[in-house]
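Report on the following structure.
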Amino acid sequence: MNDLHAAARRCLDAADPAEKVRLSFEAWASLQAGELMPDPSSPPARPIALPGRPERPRLVPSREVAQRGLGTAEGRAALVHAIAHIEFNAIDLAWDAVYRFRGKPLSYYRDWASCANDEARHFTMLSSRLAELGHVYGDFDAHNGLWEMAEKTAHSDTARMALVPRVLEARGLDVTPGMMERLRRQGDERTVTILEVILREEVAHVAAGTRWFHWCCERDGIEPETTFAQLLADYMNGSLRGPFNLDARRAAGFSESELAWLSTLG
């Protein structure tokens, strides 16, 4: 029996995107087959650092990422690239949740390994679409906001479950329908079809975050909704704003009182 935590580390360390995807698919298949299991004797997680990634894209502050209109093929390629970058980071975020936080039920590890497998598939779909648009991953600048939050929450599984899936990834639930509508107006049904798959599957990823955030709160004897609000205040500095996709967030496990509270942030 091989150690799932070690397999997650290999996925994190892989710098070549194709290799990271291959290892992710392989690890998920091995876990499903019963060939990988979390090993209690696995060495403790190393301090968090940048995962393996290619030399490009160049990482810049988010305000310096160029905004391009969707009326040109270049603009649509830039959008697809931005989403591909999010999915590439999401592979690492899911594997870090497997690697870093020990002593969880097997279902926790299955949830996040499954998520990593989905994100790897999403990245593959978007990379193929980029190629159709005459580009490759790395052709446009990108930012590192998702991984920066992983670094900030590396000490706390509760904060990680609250803030990465339920805040940063949940933003995809909020903004993707609008992107799809804008792309439809440009006649880009090919990209819309990919985003439909991603939106549907991301609901399950945010739901996993909700499930394990609640698990952490129950373990620690703390109230989830007040804890979530406090974590947002502590880490996000009031930067979360609407509009919110209430139906998708509801499907992802947000309570009606949470949705009502989020609506006041818009």
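By order of appearance in the structure tokens: chains A, B, ..., then residues from 1 within every chain, and ligands from 1 in the order shown.
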
Please, which residues in range 25-71 of chain A fall within 12 Å of range 146-155 of chain A when counting only C-alpha atoms, and what is the closest atom pair and distance in Å to one decimal for each, ordered by chain then residue number, as a Markdown table?
| residue | atom | partner | partner_atom | distance |
| --- | --- | --- | --- | --- |
| A:Ala45 | CA | A:Ala154 | CA | 10.1 |
| A:Arg46 | CA | A:Ala154 | CA | 10.4 |
| A:Pro47 | CA | A:Ala154 | CA | 8.2 |
| A:Ile48 | CA | A:Glu151 | CA | 6.2 |
| A:Ala49 | CA | A:Glu151 | CA | 7.3 |
| A:Leu50 | CA | A:Trp147 | CA | 7.8 |
| A:Pro51 | CA | A:Trp147 | CA | 8.8 |
| A:Gly52 | CA | A:Trp147 | CA | 11.8 |
| A:Arg53 | CA | A:Trp147 | CA | 11.7 |
| A:Leu59 | CA | A:Trp147 | CA | 11.5 |
| A:Pro61 | CA | A:Glu148 | CA | 11.4 |
| A:Ser62 | CA | A:Leu146 | CA | 10.8 |

- Quick one: everything within 10 Å of range 176-178 of chain A, counting only C-alpha atoms, minus sequence neighbours fewer than 3 positions away in the same chain. Send it as a ChimeraX atom specification. /A:83,171-173,181-184,192,195-196,198-199,245

- Item | Among listed residues A:Val80, A:Ala15, A:Leu168, A:Ala162, nearest Asp92 in chain A (using only C-alpha atoms) | A:Ala15

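Within the 12 Å cut-off around Glu74 in chain A, using only C-alpha atoms and omitting residues fewer than 2 positions from it on the same chain, the listed residues are Ala66, Gln67, Arg68, Gly69, Leu70, Gly71, Thr72, Arg76, Ala77, Ala78, Leu79, Val80, His81, Leu130, Glu132, Leu133, Gly134, His135, Asp139 and Phe140 of chain A.
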
With all heavy atoms retained, write the just-selected residues as a short mmCIF file (atom, residue, chain, number, x, y, z; two decimals), in the first residue's frame.
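For reference, part08.cif as written:
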data_model
loop_
_atom_site.label_atom_id
_atom_site.label_comp_id
_atom_site.auth_asym_id
_atom_site.auth_seq_id
_atom_site.Cartn_x
_atom_site.Cartn_y
_atom_site.Cartn_z
N ALA A 66 -3.27 42.40 -17.29
CA ALA A 66 -3.96 43.19 -18.31
C ALA A 66 -5.39 42.71 -18.50
O ALA A 66 -5.67 41.50 -18.50
CB ALA A 66 -3.20 43.10 -19.63
N GLN A 67 -6.31 43.66 -18.61
CA GLN A 67 -7.71 43.35 -18.90
C GLN A 67 -7.96 43.56 -20.39
O GLN A 67 -7.69 44.63 -20.92
CB GLN A 67 -8.62 44.27 -18.08
CG GLN A 67 -8.42 44.16 -16.57
CD GLN A 67 -8.75 42.78 -16.04
OE1 GLN A 67 -9.82 42.24 -16.31
NE2 GLN A 67 -7.83 42.20 -15.28
N ARG A 68 -8.48 42.55 -21.04
CA ARG A 68 -8.74 42.63 -22.48
C ARG A 68 -10.20 42.36 -22.74
O ARG A 68 -10.82 41.51 -22.10
CB ARG A 68 -7.88 41.60 -23.24
CG ARG A 68 -6.38 41.83 -23.14
CD ARG A 68 -5.64 40.68 -23.80
NE ARG A 68 -4.21 40.90 -23.91
CZ ARG A 68 -3.33 40.62 -22.96
NH1 ARG A 68 -3.74 40.12 -21.80
NH2 ARG A 68 -2.04 40.83 -23.14
N GLY A 69 -10.75 43.06 -23.71
CA GLY A 69 -12.14 42.84 -24.09
C GLY A 69 -12.31 41.51 -24.81
O GLY A 69 -11.36 40.97 -25.39
N LEU A 70 -13.54 40.99 -24.78
CA LEU A 70 -13.81 39.70 -25.40
C LEU A 70 -14.18 39.83 -26.87
O LEU A 70 -14.51 38.82 -27.50
CB LEU A 70 -14.93 38.98 -24.64
CG LEU A 70 -14.62 38.62 -23.18
CD1 LEU A 70 -15.78 37.84 -22.57
CD2 LEU A 70 -13.33 37.82 -23.09
N GLY A 71 -14.11 41.02 -27.40
CA GLY A 71 -14.47 41.21 -28.80
C GLY A 71 -13.41 40.74 -29.78
O GLY A 71 -13.64 40.74 -30.99
N THR A 72 -12.24 40.35 -29.28
CA THR A 72 -11.16 39.86 -30.15
C THR A 72 -10.77 38.46 -29.72
O THR A 72 -10.98 38.05 -28.57
CB THR A 72 -9.92 40.76 -30.05
OG1 THR A 72 -9.37 40.66 -28.73
CG2 THR A 72 -10.27 42.22 -30.35
N ARG A 76 -10.36 36.80 -25.88
CA ARG A 76 -10.96 35.54 -25.43
C ARG A 76 -9.88 34.57 -24.98
O ARG A 76 -10.05 33.85 -23.99
CB ARG A 76 -11.82 34.94 -26.54
CG ARG A 76 -13.09 35.75 -26.80
CD ARG A 76 -14.07 35.02 -27.70
NE ARG A 76 -13.57 34.85 -29.06
CZ ARG A 76 -13.65 35.80 -30.00
NH1 ARG A 76 -14.19 36.98 -29.73
NH2 ARG A 76 -13.20 35.56 -31.23
N ALA A 77 -8.74 34.56 -25.68
CA ALA A 77 -7.64 33.69 -25.27
C ALA A 77 -7.12 34.11 -23.89
O ALA A 77 -6.80 33.25 -23.06
CB ALA A 77 -6.52 33.75 -26.30
N ALA A 78 -7.06 35.41 -23.65
CA ALA A 78 -6.59 35.89 -22.35
C ALA A 78 -7.53 35.44 -21.24
O ALA A 78 -7.09 35.07 -20.13
CB ALA A 78 -6.46 37.41 -22.37
N LEU A 79 -8.84 35.45 -21.50
CA LEU A 79 -9.80 34.99 -20.50
C LEU A 79 -9.64 33.50 -20.25
O LEU A 79 -9.60 33.06 -19.08
CB LEU A 79 -11.22 35.29 -20.96
CG LEU A 79 -12.32 34.75 -20.03
CD1 LEU A 79 -12.28 35.43 -18.67
CD2 LEU A 79 -13.70 34.89 -20.67
N VAL A 80 -9.54 32.71 -21.30
CA VAL A 80 -9.35 31.27 -21.14
C VAL A 80 -8.06 31.00 -20.37
O VAL A 80 -8.01 30.12 -19.50
CB VAL A 80 -9.34 30.57 -22.52
CG1 VAL A 80 -8.94 29.10 -22.38
CG2 VAL A 80 -10.71 30.69 -23.19
N HIS A 81 -7.02 31.76 -20.66
CA HIS A 81 -5.74 31.60 -19.95
C HIS A 81 -5.91 31.90 -18.46
O HIS A 81 -5.38 31.17 -17.61
CB HIS A 81 -4.69 32.52 -20.56
CG HIS A 81 -3.31 32.32 -20.02
ND1 HIS A 81 -2.89 32.87 -18.82
CD2 HIS A 81 -2.25 31.63 -20.49
CE1 HIS A 81 -1.63 32.53 -18.60
NE2 HIS A 81 -1.22 31.78 -19.59
N LEU A 130 -7.13 26.78 -25.39
CA LEU A 130 -6.09 27.78 -25.65
C LEU A 130 -5.35 27.46 -26.95
O LEU A 130 -5.06 28.35 -27.75
CB LEU A 130 -5.08 27.81 -24.49
CG LEU A 130 -5.26 28.84 -23.39
CD1 LEU A 130 -4.14 28.70 -22.37
CD2 LEU A 130 -5.29 30.26 -23.95
N GLU A 132 -6.47 25.88 -29.50
CA GLU A 132 -7.35 26.22 -30.63
C GLU A 132 -7.34 27.71 -30.91
O GLU A 132 -7.55 28.13 -32.06
CB GLU A 132 -8.78 25.76 -30.32
CG GLU A 132 -8.94 24.25 -30.25
CD GLU A 132 -10.29 23.82 -29.71
OE1 GLU A 132 -11.10 24.69 -29.33
OE2 GLU A 132 -10.53 22.60 -29.67
N LEU A 133 -7.08 28.51 -29.88
CA LEU A 133 -7.03 29.96 -30.03
C LEU A 133 -5.62 30.47 -30.34
O LEU A 133 -5.37 31.67 -30.36
CB LEU A 133 -7.56 30.64 -28.76
CG LEU A 133 -9.06 30.40 -28.48
CD1 LEU A 133 -9.41 30.84 -27.06
CD2 LEU A 133 -9.92 31.13 -29.50
N GLY A 134 -4.69 29.52 -30.54
CA GLY A 134 -3.35 29.89 -30.96
C GLY A 134 -2.40 30.24 -29.83
O GLY A 134 -1.40 30.93 -30.05
N HIS A 135 -2.68 29.74 -28.62
CA HIS A 135 -1.85 30.08 -27.47
C HIS A 135 -1.58 28.85 -26.63
O HIS A 135 -2.19 27.79 -26.82
CB HIS A 135 -2.55 31.14 -26.60
CG HIS A 135 -2.56 32.50 -27.23
ND1 HIS A 135 -1.51 33.39 -27.12
CD2 HIS A 135 -3.51 33.11 -28.00
CE1 HIS A 135 -1.81 34.49 -27.79
NE2 HIS A 135 -3.01 34.36 -28.33
N ASP A 139 1.40 32.13 -21.89
CA ASP A 139 1.51 33.24 -22.84
C ASP A 139 1.07 34.58 -22.27
O ASP A 139 1.41 35.63 -22.83
CB ASP A 139 0.67 32.94 -24.09
CG ASP A 139 1.36 32.02 -25.07
OD1 ASP A 139 2.51 31.63 -24.80
OD2 ASP A 139 0.74 31.67 -26.10
N PHE A 140 0.30 34.57 -21.18
CA PHE A 140 -0.19 35.82 -20.58
C PHE A 140 0.26 35.87 -19.12
O PHE A 140 0.44 34.83 -18.48
CB PHE A 140 -1.72 35.88 -20.65
CG PHE A 140 -2.28 35.83 -22.04
CD1 PHE A 140 -2.60 34.62 -22.64
CD2 PHE A 140 -2.50 37.00 -22.76
CE1 PHE A 140 -3.13 34.56 -23.92
CE2 PHE A 140 -3.03 36.95 -24.06
CZ PHE A 140 -3.34 35.73 -24.63
#

- Message: So that I can check the surroundings of Leu36 in chain A, please list as a ChimeraX atom specification every protein, DNA and RNA residue that reaches within 10 Å of it, counting only C-alpha atoms and ignoring chain neighbours fewer than 2 positions away.
- Response: /A:1-7,27-34,38-39

The selected residues should be written to file as a compact mmCIF listing (two decimals), in the first residue's frame (atoms: N, CA and C atoms).
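Resulting contents of out_28.txt:
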# COMPACT_ATOMS: atom_id res chain seq x y z
N MET A 1 0.85 -1.19 0.00
CA MET A 1 0.00 0.00 0.00
C MET A 1 0.88 1.24 0.00
N ASN A 2 0.64 2.16 -0.93
CA ASN A 2 1.44 3.37 -1.03
C ASN A 2 0.79 4.52 -0.26
N ASP A 3 1.62 5.49 0.12
CA ASP A 3 1.17 6.59 0.98
C ASP A 3 0.56 7.71 0.14
N LEU A 4 -0.69 8.05 0.44
CA LEU A 4 -1.38 9.10 -0.28
C LEU A 4 -0.72 10.46 -0.06
N HIS A 5 -0.23 10.72 1.16
CA HIS A 5 0.41 12.01 1.42
C HIS A 5 1.65 12.18 0.55
N ALA A 6 2.42 11.12 0.38
CA ALA A 6 3.61 11.19 -0.48
C ALA A 6 3.21 11.41 -1.93
N ALA A 7 2.13 10.77 -2.36
CA ALA A 7 1.66 10.97 -3.74
C ALA A 7 1.21 12.41 -3.94
N ALA A 27 -2.81 9.44 -9.31
CA ALA A 27 -3.05 9.33 -7.87
C ALA A 27 -4.52 9.09 -7.57
N TRP A 28 -5.40 9.78 -8.27
CA TRP A 28 -6.83 9.58 -8.04
C TRP A 28 -7.24 8.16 -8.44
N ALA A 29 -6.75 7.69 -9.55
CA ALA A 29 -7.08 6.32 -9.97
C ALA A 29 -6.56 5.30 -8.96
N SER A 30 -5.37 5.53 -8.43
CA SER A 30 -4.79 4.60 -7.45
C SER A 30 -5.57 4.62 -6.14
N LEU A 31 -6.03 5.80 -5.74
CA LEU A 31 -6.84 5.89 -4.53
C LEU A 31 -8.16 5.14 -4.72
N GLN A 32 -8.78 5.33 -5.87
CA GLN A 32 -10.02 4.62 -6.15
C GLN A 32 -9.83 3.11 -6.15
N ALA A 33 -8.66 2.68 -6.63
CA ALA A 33 -8.38 1.24 -6.71
C ALA A 33 -7.92 0.65 -5.38
N GLY A 34 -7.79 1.49 -4.36
CA GLY A 34 -7.34 1.00 -3.06
C GLY A 34 -5.83 0.82 -2.97
N PRO A 38 -3.97 7.17 3.06
CA PRO A 38 -3.21 8.03 3.97
C PRO A 38 -2.50 7.18 5.01
N ASP A 39 -1.21 7.42 5.19
CA ASP A 39 -0.39 6.62 6.09
C ASP A 39 -0.09 7.43 7.35

- Message: Quick one: residues within 10 Å of Ala97 in chain A, only C-alpha atoms, excluding same-chain residues fewer than 3 positions away - as a ChimeraX atom specification?
- Response: /A:5,8,92-94,100-102,108-109,111-113,116,150,154,157,160-161

- Please identify all polymer residues within 6 Å of range 247-254 of chain A, counting only C-alpha atoms, omitting same-chain residues fewer than 6 positions from it, and present them as a VMD selection string. chain A and resid 203 206 to 207 210

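The closest residue to Val65 in chain A, picked from A:Val175, A:Ala142, A:Leu232, A:Met180 and counting only C-alpha atoms, is A:Ala142.
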
- Query: Mind pulling up the distance from CA of Leu163 in chain A to CA of Gly209 in chain A?
  - Reply: 8.7 Å

- Item | For Leu262 in chain A: contacts at 9 Å, only C-alpha atoms, fewer than 5 positions along chain excluded, given as a PyMOL selection string | chain A and resi 240-242+244+257

- Can you list, as a PyMOL selection string, every residue of range 8-143 of chain A that DSSP puts in alpha helix (DSSP H)? chain A and resi 8-13+17-32+73-100+106-132

- Å distance separating CA of Ala120 in chain A from CA of Val21 in chain A, one decimal place: 5.2 Å

- Message: Between CA of Gly145 in chain A and CA of Lys104 in chain A, what distance in Å does the model show, to one decimal?
- Response: 26.6 Å
